[in-house]
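Trainee: What follows is protein.csv; its format and atoms are CSV, C-alpha atoms and all ligand atoms.
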```
chain,number,residue,atom,x,y,z
A,1,MET,CA,-5.3,17.2,-7.7
A,2,THR,CA,-2.0,15.3,-7.2
A,3,THR,CA,-2.1,12.1,-5.1
A,4,ILE,CA,1.0,11.2,-3.2
A,5,LEU,CA,1.4,7.6,-1.9
A,6,GLN,CA,3.7,7.6,1.2
A,7,LEU,CA,5.2,4.2,2.1
A,8,ASP,CA,7.3,3.6,5.2
A,9,SER,CA,9.1,0.3,5.8
A,10,SER,CA,11.5,0.9,8.7
A,11,ALA,CA,11.2,-1.3,11.8
A,12,SER,CA,12.5,1.5,13.9
A,13,GLY,CA,9.2,3.5,14.1
A,14,PRO,CA,9.6,7.0,15.5
A,15,ASP,CA,13.4,6.6,15.6
A,16,SER,CA,13.6,5.8,11.9
A,17,VAL,CA,15.7,8.0,9.7
A,18,THR,CA,13.8,7.1,6.5
A,19,ASN,CA,10.4,7.5,8.1
A,20,GLY,CA,11.4,11.0,9.2
A,21,LEU,CA,12.8,11.9,5.8
A,22,ASN,CA,9.7,10.5,4.1
A,23,ALA,CA,7.5,12.7,6.2
A,24,LEU,CA,9.7,15.8,5.4
A,25,LEU,CA,9.6,14.9,1.7
A,26,VAL,CA,5.9,14.6,1.6
A,27,ASP,CA,5.5,17.9,3.7
A,28,THR,CA,7.9,19.6,1.3
A,29,ILE,CA,6.2,18.7,-2.0
A,30,ALA,CA,2.6,18.4,-0.9
A,31,ALA,CA,1.4,21.9,-1.5
A,32,ASP,CA,-2.1,20.9,-2.7
A,33,ALA,CA,-2.1,17.1,-2.7
A,34,THR,CA,-4.0,14.2,-1.4
A,35,ILE,CA,-1.7,12.0,0.8
A,36,VAL,CA,-2.3,8.2,1.1
A,37,TYR,CA,-0.2,6.5,3.8
A,38,ARG,CA,0.8,2.9,4.2
A,39,ASP,CA,3.2,1.2,6.7
A,40,LEU,CA,4.8,-1.7,4.9
A,41,THR,CA,6.1,-3.4,8.0
A,42,GLY,CA,4.1,-6.5,8.8
A,43,LEU,CA,2.9,-7.1,5.2
A,44,PRO,CA,2.6,-10.9,4.8
A,45,ALA,CA,5.3,-12.7,3.0
A,46,LEU,CA,4.1,-14.3,-0.2
A,47,SER,CA,2.4,-17.7,0.3
A,48,ASN,CA,1.0,-20.1,-2.2
A,49,ASP,CA,-2.6,-19.1,-1.3
A,50,LEU,CA,-1.7,-15.4,-1.8
A,51,LEU,CA,0.2,-16.0,-5.1
A,52,VAL,CA,-2.6,-18.1,-6.6
A,53,ALA,CA,-5.3,-15.6,-5.5
A,54,ASN,CA,-3.3,-12.7,-6.8
A,55,ASN,CA,-2.9,-14.2,-10.2
A,56,THR,CA,-6.5,-15.4,-10.6
A,57,PRO,CA,-8.9,-12.9,-12.3
A,58,ALA,CA,-11.4,-11.5,-9.9
A,59,ALA,CA,-14.3,-13.1,-11.7
A,60,ASP,CA,-12.8,-16.6,-11.4
A,61,ARG,CA,-11.7,-16.5,-7.7
A,62,THR,CA,-13.2,-18.6,-5.0
A,63,PRO,CA,-14.5,-16.7,-1.9
A,64,ALA,CA,-11.3,-17.7,-0.1
A,65,GLN,CA,-9.2,-16.4,-2.9
A,66,ASN,CA,-11.2,-13.2,-3.0
A,67,GLN,CA,-10.4,-12.7,0.7
A,68,ALA,CA,-6.7,-13.5,0.1
A,69,ALA,CA,-6.5,-11.1,-2.8
A,70,THR,CA,-8.1,-8.2,-0.9
A,71,LEU,CA,-4.8,-6.8,0.4
A,72,ALA,CA,-3.1,-7.1,-2.9
A,73,ASP,CA,-6.0,-5.4,-4.7
A,74,ALA,CA,-5.9,-2.5,-2.3
A,75,ILE,CA,-2.1,-2.1,-2.6
A,76,ILE,CA,-2.3,-2.2,-6.4
A,77,SER,CA,-5.2,0.3,-6.5
A,78,GLU,CA,-3.2,2.7,-4.3
A,79,VAL,CA,-0.2,2.7,-6.7
A,80,GLU,CA,-2.4,3.0,-9.7
A,81,ALA,CA,-4.2,6.0,-8.2
A,82,ALA,CA,-0.9,7.8,-7.1
A,83,ASP,CA,0.9,10.4,-9.2
A,84,ILE,CA,3.9,10.3,-6.9
A,85,VAL,CA,5.1,7.3,-4.9
A,86,VAL,CA,7.5,8.0,-1.9
A,87,ILE,CA,9.1,4.8,-0.7
A,88,GLY,CA,11.2,4.8,2.5
A,89,SER,CA,13.6,1.8,2.0
A,90,PRO,CA,16.6,1.6,4.4
A,91,ILE,CA,19.3,-0.9,3.7
A,92,TYR,CA,18.7,-4.1,5.7
A,93,ASN,CA,21.3,-6.8,5.2
A,94,PHE,CA,22.4,-5.3,1.9
A,95,GLY,CA,19.0,-5.2,0.4
A,96,VAL,CA,15.5,-3.9,0.9
A,97,PRO,CA,13.5,-4.5,4.1
A,98,SER,CA,11.1,-7.5,4.0
A,99,GLY,CA,8.1,-5.2,4.0
A,100,VAL,CA,9.3,-3.6,0.7
A,101,LYS,CA,9.9,-7.0,-0.8
A,102,ALA,CA,6.4,-8.1,0.3
A,103,TRP,CA,5.0,-5.0,-1.2
A,104,MET,CA,6.8,-5.7,-4.5
A,105,ASP,CA,5.5,-9.3,-4.5
A,106,LEU,CA,1.9,-8.0,-4.1
A,107,VAL,CA,2.1,-5.1,-6.6
A,108,ALA,CA,3.6,-7.2,-9.5
A,109,ARG,CA,0.4,-8.7,-11.0
A,110,ALA,CA,0.7,-9.9,-14.6
A,111,GLY,CA,-1.9,-8.4,-16.8
A,112,ARG,CA,-2.6,-5.6,-14.4
A,113,THR,CA,0.6,-3.7,-13.4
A,114,PHE,CA,2.8,-5.3,-16.2
A,115,SER,CA,2.5,-7.6,-19.2
A,116,TYR,CA,4.7,-9.2,-21.8
A,117,SER,CA,4.8,-8.2,-25.4
A,118,ASP,CA,6.8,-9.7,-28.3
A,119,THR,CA,9.6,-7.4,-27.5
A,120,GLY,CA,9.7,-7.9,-23.7
A,121,PRO,CA,8.0,-6.7,-20.5
A,122,VAL,CA,5.7,-3.6,-20.6
A,123,GLY,CA,5.0,-1.7,-17.4
A,124,HIS,CA,1.5,-0.4,-17.0
A,125,LEU,CA,2.2,2.2,-14.3
A,126,THR,CA,3.5,5.0,-16.5
A,127,ASP,CA,3.3,8.8,-15.9
A,128,LYS,CA,4.3,8.5,-12.3
A,129,LYS,CA,7.2,9.9,-10.3
A,130,ALA,CA,8.9,7.9,-7.5
A,131,TYR,CA,11.2,8.8,-4.7
A,132,ILE,CA,13.3,6.2,-3.0
A,133,VAL,CA,14.4,7.4,0.4
A,134,SER,CA,17.2,5.2,1.7
A,135,ALA,CA,19.5,5.2,4.7
A,136,SER,CA,22.3,2.8,5.7
A,137,GLY,CA,24.9,2.4,8.3
A,138,GLY,CA,28.0,1.7,6.3
A,139,VAL,CA,27.0,0.7,2.8
A,140,ALA,CA,27.3,3.6,0.3
A,141,LEU,CA,24.2,3.8,-1.9
A,142,ASN,CA,24.8,2.6,-5.4
A,143,SER,CA,28.0,0.9,-4.3
A,144,GLU,CA,28.5,-2.8,-5.3
A,145,ALA,CA,27.3,-3.8,-1.8
A,146,ASP,CA,24.0,-1.9,-2.2
A,147,PHE,CA,21.4,-4.4,-3.5
A,148,GLY,CA,18.6,-2.3,-2.1
A,149,THR,CA,18.2,0.9,-4.1
A,150,PRO,CA,19.1,-0.7,-7.5
A,151,HIS,CA,16.6,-3.5,-6.8
A,152,LEU,CA,13.8,-1.1,-6.1
A,153,ARG,CA,14.7,1.1,-9.0
A,154,THR,CA,14.7,-1.8,-11.4
A,155,PHE,CA,11.4,-3.1,-10.0
A,156,LEU,CA,9.8,0.3,-10.4
A,157,GLY,CA,11.1,0.5,-14.0
A,158,PHE,CA,9.7,-2.9,-14.7
A,159,LEU,CA,6.3,-1.5,-13.8
A,160,GLY,CA,6.8,1.6,-16.0
A,161,ILE,CA,7.9,4.0,-13.3
A,162,THR,CA,11.2,5.3,-14.7
A,163,ASN,CA,11.2,8.8,-13.2
A,164,VAL,CA,12.9,7.9,-10.0
A,165,THR,CA,14.9,10.1,-7.6
A,166,VAL,CA,16.9,8.6,-4.7
A,167,ILE,CA,17.2,10.6,-1.5
A,168,ASP,CA,20.6,9.5,-0.2
A,169,ALA,CA,21.1,9.0,3.6
A,170,GLY,CA,23.5,6.2,3.0
A,171,GLY,CA,26.6,5.7,5.2
A,172,LEU,CA,25.3,7.3,8.3
A,173,MET,CA,28.0,5.8,10.5
A,174,MET,CA,30.7,7.5,8.4
A,175,ASP,CA,29.2,10.9,7.9
A,176,PRO,CA,27.5,12.6,10.9
A,177,ASP,CA,26.1,15.2,8.6
A,178,LYS,CA,24.4,12.7,6.2
A,179,VAL,CA,20.9,13.1,7.6
A,180,GLN,CA,21.2,16.9,7.2
A,181,LYS,CA,22.5,16.5,3.7
A,182,ALA,CA,19.5,14.3,2.8
A,183,GLN,CA,17.2,16.9,4.4
A,184,ASP,CA,18.9,19.6,2.3
A,185,GLN,CA,18.3,17.4,-0.8
A,186,ILE,CA,14.6,17.2,0.0
A,187,ARG,CA,14.2,20.9,0.7
A,188,GLU,CA,15.4,21.7,-2.8
A,189,LEU,CA,12.4,19.8,-4.2
A,190,ALA,CA,9.6,21.8,-5.7
A,191,PRO,CA,6.0,21.6,-4.3
A,192,VAL,CA,3.5,19.9,-6.5
B,1,LIG,C1,18.0,-5.4,10.4
B,1,LIG,C2,19.0,-4.3,10.0
B,1,LIG,C3,19.9,-4.7,9.0
B,1,LIG,C4,20.8,-3.7,8.6
B,1,LIG,N1,21.7,-4.0,7.6
B,1,LIG,C5,22.5,-3.1,7.1
B,1,LIG,C6,23.4,-3.3,6.0
B,1,LIG,O1,23.5,-4.4,5.5
B,1,LIG,N2,24.3,-2.3,5.6
B,1,LIG,C7,24.3,-1.1,6.2
B,1,LIG,O2,25.0,-0.3,5.8
B,1,LIG,N3,23.4,-0.8,7.2
B,1,LIG,C8,22.6,-1.7,7.7
B,1,LIG,N4,21.7,-1.4,8.7
B,1,LIG,C9,21.7,-0.1,9.2
B,1,LIG,C10,20.5,0.7,8.7
B,1,LIG,O3,20.5,0.7,7.3
B,1,LIG,C11,20.5,2.1,9.2
B,1,LIG,O4,20.4,2.0,10.7
B,1,LIG,C12,19.4,3.0,8.7
B,1,LIG,O5,19.4,4.2,9.4
B,1,LIG,C13,18.1,2.3,8.9
B,1,LIG,O6,17.1,3.1,8.4
B,1,LIG,P1,15.9,3.6,9.4
B,1,LIG,O7,16.6,4.5,10.4
B,1,LIG,O8,14.9,4.3,8.6
B,1,LIG,O9,15.4,2.4,10.1
B,1,LIG,C14,20.8,-2.4,9.2
B,1,LIG,C15,19.9,-2.1,10.2
B,1,LIG,C16,19.0,-3.1,10.6
B,1,LIG,C17,18.0,-2.7,11.7
```
Can the structure from this file be put into structure tokens for me?
Ligand SMILES: Cc1cc2nc3c(=O)[nH]c(=O)nc-3n(C[C@H](O)[C@H](O)[C@H](O)COP(=O)(O)O)c2cc1C
Mentor:
Amino acid sequence: MTTILQLDSSASGPDSVTNGLNALLVDTIAADATIVYRDLTGLPALSNDLLVANNTPAADRTPAQNQAATLADAIISEVEAADIVVIGSPIYNFGVPSGVKAWMDLVARAGRTFSYSDTGPVGHLTDKKAYIVSASGGVALNSEADFGTPHLRTFLGFLGITNVTVIDAGGLMMDPDKVQKAQDQIRELAPV
């Protein structure tokens, strides 16, 4: 059975465009799938304790480090178990929301989700599909002021997830039909 990991990151809760599009996308493709949901708002920013715990092998951790690494362990396991990752990531101040950045900081664990070879980095999360569902007020996605979707796409590629589709709800203030267009883009997706 296919497992879909649905990640919301908007601070706007029920009023969020990306949360709504994420839900529609998962409903559209999830014919016979297990859905795992996580709200990324409120994830802790990286601290020294968290970073050290995250990079210490489980067998070598102190009890306090084990506790600190619990969240990262869970987040990494969720991505590893997913076949499809759906990430709602609106443009906040030209980049990704802080929850998405915190998620990236927890997921990137050397030796687990990526490693380095003689020829460069090797992502370990292969054979997955990702959707980035993004919305913005004025910044067009993929324009030179969009540091959000390219950042997330590059990060996913670093981990080995290169099959990425962007659902584009960018520039909502300029195009009153943009949410509808993003919904149309989603409704064309095939169920899994
Ligand atoms: C904190 C914050 C920062 C934002 N920064 C930008 C920005 O830099 N560029 C832009 O085009 N829109 C910006 N916006 C507008 C949002 O991208 C837009 O409202 C989008 O719909 C948010 O997605 P959501 O509805 O899922 O929360 C910002 C909104 C918020 C709340």
Trainee: Quick one: of A:Ala11, A:Leu125, A:Ala53, A:Leu25, who's nearest to ligand LIG 1 (chain B), counting only C-alpha atoms and all ligand atoms?
Mentor: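 The answer is A:Ala11, which sits nearest to ligand LIG 1 (chain B).
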Trainee: Quick one: pull the distance between CA of Leu152 (chain A) and CA of Glu188 (chain A), Å, one decimal.
Mentor: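 Distance between the two atoms: 23.1 Å.
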Trainee: Take CA of Val164 (chain A) and CA of Ser134 (chain A) and report the distance between them in Å, one decimal.
Mentor: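 Going from CA of Val164 (chain A) over to CA of Ser134 (chain A) covers 12.8 Å.
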Trainee: Please provide as a PyMOL selection string all residues within 12 Å of Ala68 (chain A), with the sequence filter that same-chain residues fewer than 5 positions apart are discarded (counting only C-alpha atoms).
Mentor: chain A and resi 44+46-56+58+61-63+73-74+106
Trainee: Go ahead and write the residues just picked, C-alpha atoms, as a PDB file, keeping the file's coordinate frame.
Mentor:
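Full text of out_26.pdb as output:
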```pdb
ATOM      1  CA  PRO A  44       2.600 -10.900   4.800  1.00  0.00           C
ATOM      2  CA  LEU A  46       4.100 -14.300  -0.200  1.00  0.00           C
ATOM      3  CA  SER A  47       2.400 -17.700   0.300  1.00  0.00           C
ATOM      4  CA  ASN A  48       1.000 -20.100  -2.200  1.00  0.00           C
ATOM      5  CA  ASP A  49      -2.600 -19.100  -1.300  1.00  0.00           C
ATOM      6  CA  LEU A  50      -1.700 -15.400  -1.800  1.00  0.00           C
ATOM      7  CA  LEU A  51       0.200 -16.000  -5.100  1.00  0.00           C
ATOM      8  CA  VAL A  52      -2.600 -18.100  -6.600  1.00  0.00           C
ATOM      9  CA  ALA A  53      -5.300 -15.600  -5.500  1.00  0.00           C
ATOM     10  CA  ASN A  54      -3.300 -12.700  -6.800  1.00  0.00           C
ATOM     11  CA  ASN A  55      -2.900 -14.200 -10.200  1.00  0.00           C
ATOM     12  CA  THR A  56      -6.500 -15.400 -10.600  1.00  0.00           C
ATOM     13  CA  ALA A  58     -11.400 -11.500  -9.900  1.00  0.00           C
ATOM     14  CA  ARG A  61     -11.700 -16.500  -7.700  1.00  0.00           C
ATOM     15  CA  THR A  62     -13.200 -18.600  -5.000  1.00  0.00           C
ATOM     16  CA  PRO A  63     -14.500 -16.700  -1.900  1.00  0.00           C
ATOM     17  CA  ASP A  73      -6.000  -5.400  -4.700  1.00  0.00           C
ATOM     18  CA  ALA A  74      -5.900  -2.500  -2.300  1.00  0.00           C
ATOM     19  CA  LEU A 106       1.900  -8.000  -4.100  1.00  0.00           C
TER      20      LEU A 106
END
```
Trainee: Using all atoms listed in the file, find the one residue out of A:Ala108, A:Ile161, A:Ala140, A:Val36 that sits nearest to ligand LIG 1 (chain B).
Mentor: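 The answer is A:Ala140, which sits nearest to ligand LIG 1 (chain B).
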Trainee: Nearest to Arg153 (chain A): which of A:Ser89, A:Asn22, A:Thr119, A:Thr34 is it, counting all atoms listed in the file?
Mentor: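 Among the listed residues, A:Ser89 lies closest to Arg153 (chain A).
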Trainee: Of the candidates A:Pro90, A:Gly120, A:Pro176, A:Gly13, which one gets nearest to ligand LIG 1 (chain B) if we count all atoms listed in the file?
Mentor: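 The answer is A:Pro90, which sits nearest to ligand LIG 1 (chain B).
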Trainee: So that I can see what lies close to region 171-173 of chain A, please list as a PyMOL selection string the residues with an atom at most 12 Å from it, counting all atoms listed in the file and leaving out residues fewer than 4 positions away in the same chain.
Mentor: chain A and resi 17-18+90-91+134-143+145-146+177-182
Trainee: Grab the residues selected above and save them as a tab-separated table (two decimals), in the coordinates of the input with C-alpha atoms.
Mentor:
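Result file selection-v8.tsv:
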```tsv
chain	number	residue	atom	x	y	z
A	17	VAL	CA	15.70	8.00	9.70
A	18	THR	CA	13.80	7.10	6.50
A	90	PRO	CA	16.60	1.60	4.40
A	91	ILE	CA	19.30	-0.90	3.70
A	134	SER	CA	17.20	5.20	1.70
A	135	ALA	CA	19.50	5.20	4.70
A	136	SER	CA	22.30	2.80	5.70
A	137	GLY	CA	24.90	2.40	8.30
A	138	GLY	CA	28.00	1.70	6.30
A	139	VAL	CA	27.00	0.70	2.80
A	140	ALA	CA	27.30	3.60	0.30
A	141	LEU	CA	24.20	3.80	-1.90
A	142	ASN	CA	24.80	2.60	-5.40
A	143	SER	CA	28.00	0.90	-4.30
A	145	ALA	CA	27.30	-3.80	-1.80
A	146	ASP	CA	24.00	-1.90	-2.20
A	177	ASP	CA	26.10	15.20	8.60
A	178	LYS	CA	24.40	12.70	6.20
A	179	VAL	CA	20.90	13.10	7.60
A	180	GLN	CA	21.20	16.90	7.20
A	181	LYS	CA	22.50	16.50	3.70
A	182	ALA	CA	19.50	14.30	2.80
```
Trainee: Rank A:Leu189, A:Val107, A:Leu71, A:Ile132 by their smallest atom-to-atom distance to ligand LIG 1 (chain B), using all atoms listed in the file, and report the top residue only.
Mentor: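 Counting all atoms listed in the file, the residue closest to ligand LIG 1 (chain B) is A:Ile132.
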Trainee: Missing atoms in region 167-191 of chain A: fill them in up to N, CA, C and O atoms and send the result as a compact mmCIF listing (two decimals), keeping the file's coordinate frame.
Mentor:
```
# COMPACT_ATOMS: atom_id res chain seq x y z
N ILE A 167 16.76 9.74 -2.58
CA ILE A 167 17.20 10.60 -1.50
C ILE A 167 18.22 9.82 -0.68
O ILE A 167 17.90 8.77 -0.13
N ASP A 168 19.44 10.34 -0.61
CA ASP A 168 20.60 9.50 -0.20
C ASP A 168 20.97 9.86 1.29
O ASP A 168 21.61 10.88 1.57
N ALA A 169 20.59 8.96 2.20
CA ALA A 169 21.10 9.00 3.60
C ALA A 169 21.92 7.79 3.86
O ALA A 169 21.84 7.18 4.94
N GLY A 170 22.69 7.40 2.88
CA GLY A 170 23.50 6.20 3.00
C GLY A 170 24.83 6.52 3.77
O GLY A 170 25.35 7.63 3.70
N GLY A 171 25.34 5.52 4.48
CA GLY A 171 26.60 5.70 5.20
C GLY A 171 26.56 6.57 6.40
O GLY A 171 27.48 7.35 6.65
N LEU A 172 25.48 6.45 7.18
CA LEU A 172 25.30 7.30 8.30
C LEU A 172 26.42 7.20 9.37
O LEU A 172 26.73 8.15 10.09
N MET A 173 27.01 6.01 9.46
CA MET A 173 28.00 5.80 10.50
C MET A 173 29.36 6.48 10.08
O MET A 173 30.23 6.69 10.92
N MET A 174 29.48 6.83 8.81
CA MET A 174 30.70 7.50 8.40
C MET A 174 30.63 8.97 8.26
O MET A 174 31.64 9.66 8.25
N ASP A 175 29.40 9.47 8.16
CA ASP A 175 29.20 10.90 7.90
C ASP A 175 28.13 11.45 8.86
O ASP A 175 26.93 11.24 8.63
N PRO A 176 28.53 12.14 9.93
CA PRO A 176 27.50 12.60 10.90
C PRO A 176 26.58 13.66 10.32
O PRO A 176 25.53 13.94 10.92
N ASP A 177 26.92 14.21 9.17
CA ASP A 177 26.10 15.20 8.60
C ASP A 177 25.13 14.64 7.50
O ASP A 177 24.44 15.38 6.79
N LYS A 178 25.11 13.32 7.37
CA LYS A 178 24.40 12.70 6.20
C LYS A 178 22.89 12.93 6.27
O LYS A 178 22.27 13.16 5.23
N VAL A 179 22.31 12.89 7.49
CA VAL A 179 20.90 13.10 7.60
C VAL A 179 20.56 14.57 7.13
O VAL A 179 19.63 14.84 6.37
N GLN A 180 21.39 15.51 7.63
CA GLN A 180 21.20 16.90 7.20
C GLN A 180 21.34 17.08 5.73
O GLN A 180 20.56 17.81 5.11
N LYS A 181 22.31 16.38 5.13
CA LYS A 181 22.50 16.50 3.70
C LYS A 181 21.25 15.94 2.94
O LYS A 181 20.83 16.50 1.92
N ALA A 182 20.69 14.85 3.45
CA ALA A 182 19.50 14.30 2.80
C ALA A 182 18.31 15.27 3.00
O ALA A 182 17.51 15.47 2.07
N GLN A 183 18.23 15.91 4.17
CA GLN A 183 17.20 16.90 4.40
C GLN A 183 17.36 18.07 3.41
O GLN A 183 16.39 18.59 2.85
N ASP A 184 18.61 18.49 3.21
CA ASP A 184 18.90 19.60 2.30
C ASP A 184 18.46 19.19 0.85
O ASP A 184 17.90 20.01 0.10
N GLN A 185 18.74 17.92 0.49
CA GLN A 185 18.30 17.40 -0.80
C GLN A 185 16.82 17.50 -0.99
O GLN A 185 16.31 17.89 -2.04
N ILE A 186 16.10 17.16 0.08
CA ILE A 186 14.60 17.20 0.00
C ILE A 186 14.13 18.63 -0.05
O ILE A 186 13.19 18.93 -0.82
N ARG A 187 14.74 19.54 0.70
CA ARG A 187 14.20 20.90 0.70
C ARG A 187 14.39 21.64 -0.60
O ARG A 187 13.78 22.69 -0.82
N GLU A 188 15.22 21.08 -1.47
CA GLU A 188 15.40 21.70 -2.80
C GLU A 188 14.24 21.23 -3.76
O GLU A 188 14.11 21.76 -4.87
N LEU A 189 13.40 20.27 -3.35
CA LEU A 189 12.40 19.80 -4.20
C LEU A 189 11.23 20.80 -4.34
O LEU A 189 10.88 21.46 -3.36
N ALA A 190 10.67 20.88 -5.53
CA ALA A 190 9.60 21.80 -5.70
C ALA A 190 8.25 21.26 -5.29
O ALA A 190 8.00 20.07 -5.46
N PRO A 191 7.37 22.10 -4.72
CA PRO A 191 6.00 21.60 -4.30
C PRO A 191 5.22 21.24 -5.59
O PRO A 191 5.44 21.79 -6.67
```
